[in-house]
Each structure stands twice: as C-alpha cells, then as structure tokens.
$ cat target_27.cif   # mmCIF, C-alpha atoms, pLDDT in the B column; chains and numbers go by the auth columns
data_query
#
loop_
_atom_site.group_PDB
_atom_site.id
_atom_site.type_symbol
_atom_site.label_atom_id
_atom_site.label_comp_id
_atom_site.label_asym_id
_atom_site.label_seq_id
_atom_site.Cartn_x
_atom_site.Cartn_y
_atom_site.Cartn_z
_atom_site.B_iso_or_equiv
_atom_site.auth_seq_id
_atom_site.auth_asym_id
ATOM 1 C CA MET A 1 5.563 -23.515 12.223 53.00 1 Z
ATOM 2 C CA SER A 2 8.632 -22.580 14.266 57.00 2 Z
ATOM 3 C CA LEU A 3 7.012 -23.646 17.517 59.00 3 Z
ATOM 4 C CA GLY A 4 7.347 -27.271 16.445 58.00 4 Z
ATOM 5 C CA LYS A 5 11.131 -26.868 16.600 57.00 5 Z
ATOM 6 C CA PHE A 6 10.945 -26.433 20.401 58.00 6 Z
ATOM 7 C CA ALA A 7 10.194 -30.153 20.672 59.00 7 Z
ATOM 8 C CA GLY A 8 13.502 -31.114 19.043 56.00 8 Z
ATOM 9 C CA ALA A 9 16.664 -30.832 21.114 54.00 9 Z
ATOM 10 C CA GLN A 10 18.767 -29.935 18.074 65.00 10 Z
ATOM 11 C CA TYR A 11 17.730 -26.256 18.051 62.00 11 Z
ATOM 12 C CA ALA A 12 18.563 -23.665 20.698 69.00 12 Z
ATOM 13 C CA ALA A 13 15.409 -21.934 21.934 70.00 13 Z
ATOM 14 C CA VAL A 14 16.845 -18.490 21.175 74.00 14 Z
ATOM 15 C CA TRP A 15 16.963 -19.260 17.430 70.00 15 Z
ATOM 16 C CA VAL A 16 13.374 -20.487 17.432 71.00 16 Z
ATOM 17 C CA VAL A 17 12.323 -17.231 19.121 77.00 17 Z
ATOM 18 C CA VAL A 18 14.333 -15.239 16.569 76.00 18 Z
ATOM 19 C CA ALA A 19 12.560 -17.145 13.763 73.00 19 Z
ATOM 20 C CA LEU A 20 9.200 -16.381 15.367 76.00 20 Z
ATOM 21 C CA MET A 21 10.033 -12.661 15.475 81.00 21 Z
ATOM 22 C CA GLY A 22 10.913 -12.488 11.757 77.00 22 Z
ATOM 23 C CA PRO A 23 7.381 -12.012 10.423 75.00 23 Z
ATOM 24 C CA ILE A 24 6.658 -9.410 13.104 81.00 24 Z
ATOM 25 C CA PHE A 25 9.670 -7.307 12.133 82.00 25 Z
ATOM 26 C CA LEU A 26 8.898 -7.776 8.432 76.00 26 Z
ATOM 27 C CA ALA A 27 5.349 -6.522 8.976 79.00 27 Z
ATOM 28 C CA LEU A 28 6.541 -3.555 11.073 84.00 28 Z
ATOM 29 C CA GLY A 29 9.045 -2.618 8.364 80.00 29 Z
ATOM 30 C CA ASN A 30 6.383 -2.836 5.657 79.00 30 Z
ATOM 31 C CA VAL A 31 3.963 -0.659 7.623 84.00 31 Z
ATOM 32 C CA TYR A 32 6.677 1.879 8.443 84.00 32 Z
ATOM 33 C CA ARG A 33 7.868 2.087 4.813 79.00 33 Z
ATOM 34 C CA SER A 34 4.292 2.625 3.614 81.00 34 Z
ATOM 35 C CA TRP A 35 3.702 5.301 6.246 85.00 35 Z
ATOM 36 C CA ALA A 36 7.017 7.150 5.875 85.00 36 Z
ATOM 37 C CA TRP A 37 7.567 6.769 2.118 82.00 37 Z
ATOM 38 C CA PRO A 38 9.184 10.027 0.942 85.00 38 Z
ATOM 39 C CA GLU A 39 6.994 12.012 -1.440 86.00 39 Z
ATOM 40 C CA GLY A 40 8.014 11.340 -5.033 86.00 40 Z
ATOM 41 C CA ALA A 41 10.794 8.898 -4.102 83.00 41 Z
ATOM 42 C CA SER A 42 11.446 6.061 -6.512 83.00 42 Z
ATOM 43 C CA PRO A 43 11.722 2.459 -5.290 80.00 43 Z
ATOM 44 C CA PHE A 44 14.754 2.170 -7.586 79.00 44 Z
ATOM 45 C CA ALA A 45 16.501 4.870 -5.509 81.00 45 Z
ATOM 46 C CA LEU A 46 15.307 3.814 -2.056 81.00 46 Z
ATOM 47 C CA ALA A 47 16.102 0.095 -2.297 79.00 47 Z
ATOM 48 C CA PRO A 48 19.819 0.384 -3.133 80.00 48 Z
ATOM 49 C CA LEU A 49 20.267 3.157 -0.557 82.00 49 Z
ATOM 50 C CA MET A 50 18.611 0.978 2.094 80.00 50 Z
ATOM 51 C CA LEU A 51 20.928 -1.914 1.230 81.00 51 Z
ATOM 52 C CA ILE A 52 24.023 0.307 1.321 84.00 52 Z
ATOM 53 C CA PHE A 53 23.037 1.694 4.733 85.00 53 Z
ATOM 54 C CA ALA A 54 22.270 -1.807 6.097 83.00 54 Z
ATOM 55 C CA GLY A 55 25.591 -3.079 4.757 81.00 55 Z
ATOM 56 C CA LEU A 56 27.501 -0.237 6.396 84.00 56 Z
ATOM 57 C CA MET A 57 25.722 -0.834 9.717 86.00 57 Z
ATOM 58 C CA SER A 58 26.498 -4.561 9.501 83.00 58 Z
ATOM 59 C CA PHE A 59 30.138 -3.814 8.696 82.00 59 Z
ATOM 60 C CA VAL A 60 30.529 -1.415 11.637 83.00 60 Z
ATOM 61 C CA LEU A 61 28.899 -3.937 13.990 83.00 61 Z
ATOM 62 C CA ALA A 62 31.094 -6.785 12.704 81.00 62 Z
ATOM 63 C CA VAL A 63 34.255 -4.683 13.155 81.00 63 Z
ATOM 64 C CA ALA A 64 33.149 -3.594 16.648 84.00 64 Z
ATOM 65 C CA MET A 65 32.561 -7.226 17.653 81.00 65 Z
ATOM 66 C CA GLY A 66 35.852 -8.416 16.150 81.00 66 Z
ATOM 67 C CA GLU A 67 34.093 -10.660 13.627 77.00 67 Z
ATOM 68 C CA ILE A 68 35.854 -9.320 10.526 76.00 68 Z
ATOM 69 C CA SER A 69 39.039 -10.733 9.153 72.00 69 Z
ATOM 70 C CA PHE A 70 40.296 -8.629 6.307 71.00 70 Z
ATOM 71 C CA VAL A 71 41.097 -10.475 3.083 73.00 71 Z
ATOM 72 C CA VAL A 72 42.545 -8.937 -0.043 76.00 72 Z
ATOM 73 C CA PRO A 73 39.844 -9.580 -2.638 76.00 73 Z
ATOM 74 C CA THR A 74 40.705 -11.263 -5.892 85.00 74 Z
ATOM 75 C CA LEU A 75 39.183 -10.220 -9.206 87.00 75 Z
ATOM 76 C CA GLN A 76 36.862 -13.251 -9.050 88.00 76 Z
ATOM 77 C CA MET A 77 35.732 -12.390 -5.494 83.00 77 Z
ATOM 78 C CA SER A 78 35.074 -8.793 -6.539 83.00 78 Z
ATOM 79 C CA ALA A 79 33.080 -9.892 -9.587 87.00 79 Z
ATOM 80 C CA ILE A 80 30.945 -12.277 -7.536 86.00 80 Z
ATOM 81 C CA ALA A 81 30.360 -9.631 -4.840 82.00 81 Z
ATOM 82 C CA GLY A 82 29.447 -7.070 -7.505 83.00 82 Z
ATOM 83 C CA LEU A 83 26.970 -9.479 -9.093 87.00 83 Z
ATOM 84 C CA GLN A 84 25.411 -10.225 -5.696 83.00 84 Z
ATOM 85 C CA ILE A 85 25.089 -6.501 -4.963 81.00 85 Z
ATOM 86 C CA LEU A 86 23.399 -5.929 -8.327 82.00 86 Z
ATOM 87 C CA ILE A 87 20.983 -8.852 -7.831 82.00 87 Z
ATOM 88 C CA PHE A 88 20.010 -7.722 -4.323 80.00 88 Z
ATOM 89 C CA ALA A 89 19.600 -4.081 -5.377 80.00 89 Z
ATOM 90 C CA VAL A 90 17.332 -4.981 -8.313 82.00 90 Z
ATOM 91 C CA GLY A 91 15.416 -7.523 -6.195 81.00 91 Z
ATOM 92 C CA PHE A 92 14.767 -5.029 -3.410 80.00 92 Z
ATOM 93 C CA ALA A 93 13.814 -2.345 -5.907 81.00 93 Z
ATOM 94 C CA PHE A 94 11.088 -4.621 -7.297 82.00 94 Z
ATOM 95 C CA TYR A 95 10.100 -5.561 -3.736 80.00 95 Z
ATOM 96 C CA PHE A 96 9.601 -1.844 -3.032 80.00 96 Z
ATOM 97 C CA VAL A 97 7.659 -1.433 -6.294 82.00 97 Z
ATOM 98 C CA LEU A 98 5.365 -4.254 -5.168 80.00 98 Z
ATOM 99 C CA GLN A 99 4.903 -2.552 -1.796 78.00 99 Z
ATOM 100 C CA LYS A 100 4.059 0.756 -3.463 79.00 100 Z
ATOM 101 C CA ILE A 101 1.459 -0.969 -5.655 81.00 101 Z
ATOM 102 C CA ALA A 102 -0.001 -3.547 -3.269 78.00 102 Z
ATOM 103 C CA GLY A 103 0.414 -2.005 0.182 77.00 103 Z
ATOM 104 C CA ALA A 104 1.972 -3.175 3.429 75.00 104 Z
ATOM 105 C CA VAL A 105 -0.577 -5.812 4.468 75.00 105 Z
ATOM 106 C CA TYR A 106 -0.533 -7.591 1.136 77.00 106 Z
ATOM 107 C CA LEU A 107 3.255 -7.466 1.022 77.00 107 Z
ATOM 108 C CA SER A 108 3.537 -8.884 4.558 75.00 108 Z
ATOM 109 C CA GLN A 109 2.073 -12.152 3.291 79.00 109 Z
ATOM 110 C CA ILE A 110 5.352 -12.867 1.490 77.00 110 Z
ATOM 111 C CA GLY A 111 7.226 -13.806 4.695 74.00 111 Z
ATOM 112 C CA PRO A 112 4.903 -16.605 5.835 80.00 112 Z
ATOM 113 C CA ILE A 113 4.601 -17.908 2.273 82.00 113 Z
ATOM 114 C CA ILE A 114 8.397 -18.044 1.991 80.00 114 Z
ATOM 115 C CA ALA A 115 8.518 -19.921 5.327 80.00 115 Z
ATOM 116 C CA LEU A 116 5.939 -22.401 4.044 85.00 116 Z
ATOM 117 C CA VAL A 117 7.793 -22.965 0.769 85.00 117 Z
ATOM 118 C CA GLY A 118 11.106 -23.302 2.632 84.00 118 Z
ATOM 119 C CA THR A 119 9.556 -25.847 4.977 85.00 119 Z
ATOM 120 C CA GLY A 120 8.192 -27.807 2.031 87.00 120 Z
ATOM 121 C CA LEU A 121 11.628 -27.807 0.416 86.00 121 Z
ATOM 122 C CA GLY A 122 13.207 -28.898 3.703 86.00 122 Z
ATOM 123 C CA ILE A 123 10.784 -31.802 3.955 88.00 123 Z
ATOM 124 C CA SER A 124 11.069 -32.893 0.327 90.00 124 Z
ATOM 125 C CA LEU A 125 14.779 -32.281 -0.296 88.00 125 Z
ATOM 126 C CA LEU A 126 16.470 -32.425 3.106 86.00 126 Z
ATOM 127 C CA GLY A 127 14.472 -35.121 4.855 86.00 127 Z
ATOM 128 C CA GLU A 128 12.977 -32.928 7.584 84.00 128 Z
ATOM 129 C CA VAL A 129 10.020 -34.432 9.372 83.00 129 Z
ATOM 130 C CA ALA A 130 6.533 -33.058 8.675 84.00 130 Z
ATOM 131 C CA THR A 131 5.254 -32.748 12.244 84.00 131 Z
ATOM 132 C CA LEU A 132 1.686 -31.999 13.258 86.00 132 Z
ATOM 133 C CA SER A 133 2.660 -28.480 14.334 82.00 133 Z
ATOM 134 C CA LEU A 134 4.198 -27.830 10.886 84.00 134 Z
ATOM 135 C CA MET A 135 1.017 -29.020 9.182 87.00 135 Z
ATOM 136 C CA ILE A 136 -1.164 -26.868 11.475 89.00 136 Z
ATOM 137 C CA GLY A 137 1.112 -23.865 10.859 86.00 137 Z
ATOM 138 C CA GLY A 138 1.060 -24.414 7.103 88.00 138 Z
ATOM 139 C CA THR A 139 -2.733 -24.705 7.142 92.00 139 Z
ATOM 140 C CA ALA A 140 -2.963 -21.471 9.142 90.00 140 Z
ATOM 141 C CA ILE A 141 -0.731 -19.659 6.633 87.00 141 Z
ATOM 142 C CA VAL A 142 -2.677 -20.861 3.599 90.00 142 Z
ATOM 143 C CA SER A 143 -6.006 -20.089 5.306 92.00 143 Z
ATOM 144 C CA GLY A 144 -4.888 -16.587 6.271 87.00 144 Z
ATOM 145 C CA VAL A 145 -3.671 -15.774 2.774 85.00 145 Z
ATOM 146 C CA LEU A 146 -6.882 -17.111 1.198 89.00 146 Z
ATOM 147 C CA ILE A 147 -9.143 -15.285 3.666 89.00 147 Z
ATOM 148 C CA PHE A 148 -7.332 -11.983 3.171 82.00 148 Z
ATOM 149 C CA ASN A 149 -7.252 -12.223 -0.613 79.00 149 Z
ATOM 150 C CA PHE A 150 -10.867 -13.355 -1.055 84.00 150 Z
ATOM 151 C CA THR A 151 -12.149 -10.506 1.130 77.00 151 Z
ATOM 152 C CA GLN A 152 -10.378 -7.879 -0.987 68.00 152 Z
#

$ encode --input "target_27.cif" --output "structure tokens"
Amino acid sequence: MSLGKFAGAQYAAVWVVVALMGPIFLALGNVYRSWAWPEGASPFALAPLMLIFAGLMSFVLAVAMGEISFVVPTLQMSAIAGLQILIFAVGFAFYFVLQKIAGAVYLSQIGPIIALVGTGLGISLLGEVATLSLMIGGTAIVSGVLIFNFTQ
C-alpha cells in the first residue's frame, strides 16, 4: 500500500521506505518476544517495563540530538501525561497477553490490518485518493489474513 505513495511528489522516498519497514520490524519484534519470553513473566509486568525503557532511550536520544526543550509541567500537563502513560501501559499489557495466547504470527497480522483501516479512514475522512496500488495492497492484506486464518 505504501508503494503507491512513490508516485506522488508530496512524500519523501525515505518516509515511504520507513513505512514499508514497519511491518517487518513489528514481525521481528513479535517473533523475538515469543522466543525470548522470560519463564513465568507476566505481560502486565513486561509491557510497562518495555515502555519505560523505550521512553528512557527516546529521551536520551532526543537530548543527545538537541531536540528537547525543557518546559516546567503544569498540573494539567502532568495529569494528561499520567493518563497517557496509564493508557499505553494497559494497552501494551493486553497486546502482550494477546501475543502470549495467539502467538507471534497471528499477532503480526495486526500491523497490516491497522494500515488498511488507517488507509480507509484517510480515504473516507481526509479525501485521500484510492489508487490502484492501494486497492491491490488492501486486497493482498485481506487475502493473506483470510488464508492464514482459514488454514488454522
């Protein structure tokens, strides 16, 4: 679906390539987590720890690149940030529960389905154009999901 964006001049090629790599990295992460899942570890412990570690790495990288401007947080900003942290932690915990139950291959289908839904929303709500490559990509995603699930 992302390949169709190469035809439009409004997107830099690097971002299209990054978008194309997303499902690959998602699948690799799912396979690695399934393979290296610590014995007896709870998804409700692993997910928040993963988010904390990723946040710290992002913070260190942002500081190193000079991308951070420090702002004194207000009570409202702190409350919103705390709510976002809670939502992401609970969401990732359930994502990890789903991986533990369903397995890496099944879970990897989420990425392309999200891309398909996002594309549909972009077409219906934002006026994006439904190109032939988008329709072929969407058909490939739906076909792949159906084939995998009907063979199980």

$ residues_around --input "target_27.cif" --residues "region 29-32 of chain Z" --least-positions-apart "4" --cutoff "10 Å" --atoms "only C-alpha atoms" --output "ChimeraX atom specification"
/Z:23-25,36-37,96,99,103-108

$ residues_around --input "target_27.cif" --residues "Pro48 (chain Z)" --least-positions-apart "5" --cutoff "8 Å" --atoms "all atoms listed in the file" --output "PyMOL selection string"
chain Z and resi 89-90+92-93

$ atom_distance --input "target_27.cif" --atom1 "CA of Val14 (chain Z)" --atom2 "CA of Thr139 (chain Z)"
24.9 Å

$ closest_residue --input "target_27.cif" --among "Z:Ala47, Z:Val18, Z:Ile147, Z:Ile113" --to "Ile87 (chain Z)" --atoms "all atoms listed in the file"
Z:Ala47

$ atom_distance --input "target_27.cif" --atom1 "CA of Ala54 (chain Z)" --atom2 "CA of Gly91 (chain Z)"
15.2 Å

$ atom_distance --input "target_27.cif" --atom1 "CA of Leu56 (chain Z)" --atom2 "CA of Ala27 (chain Z)"
23.2 Å
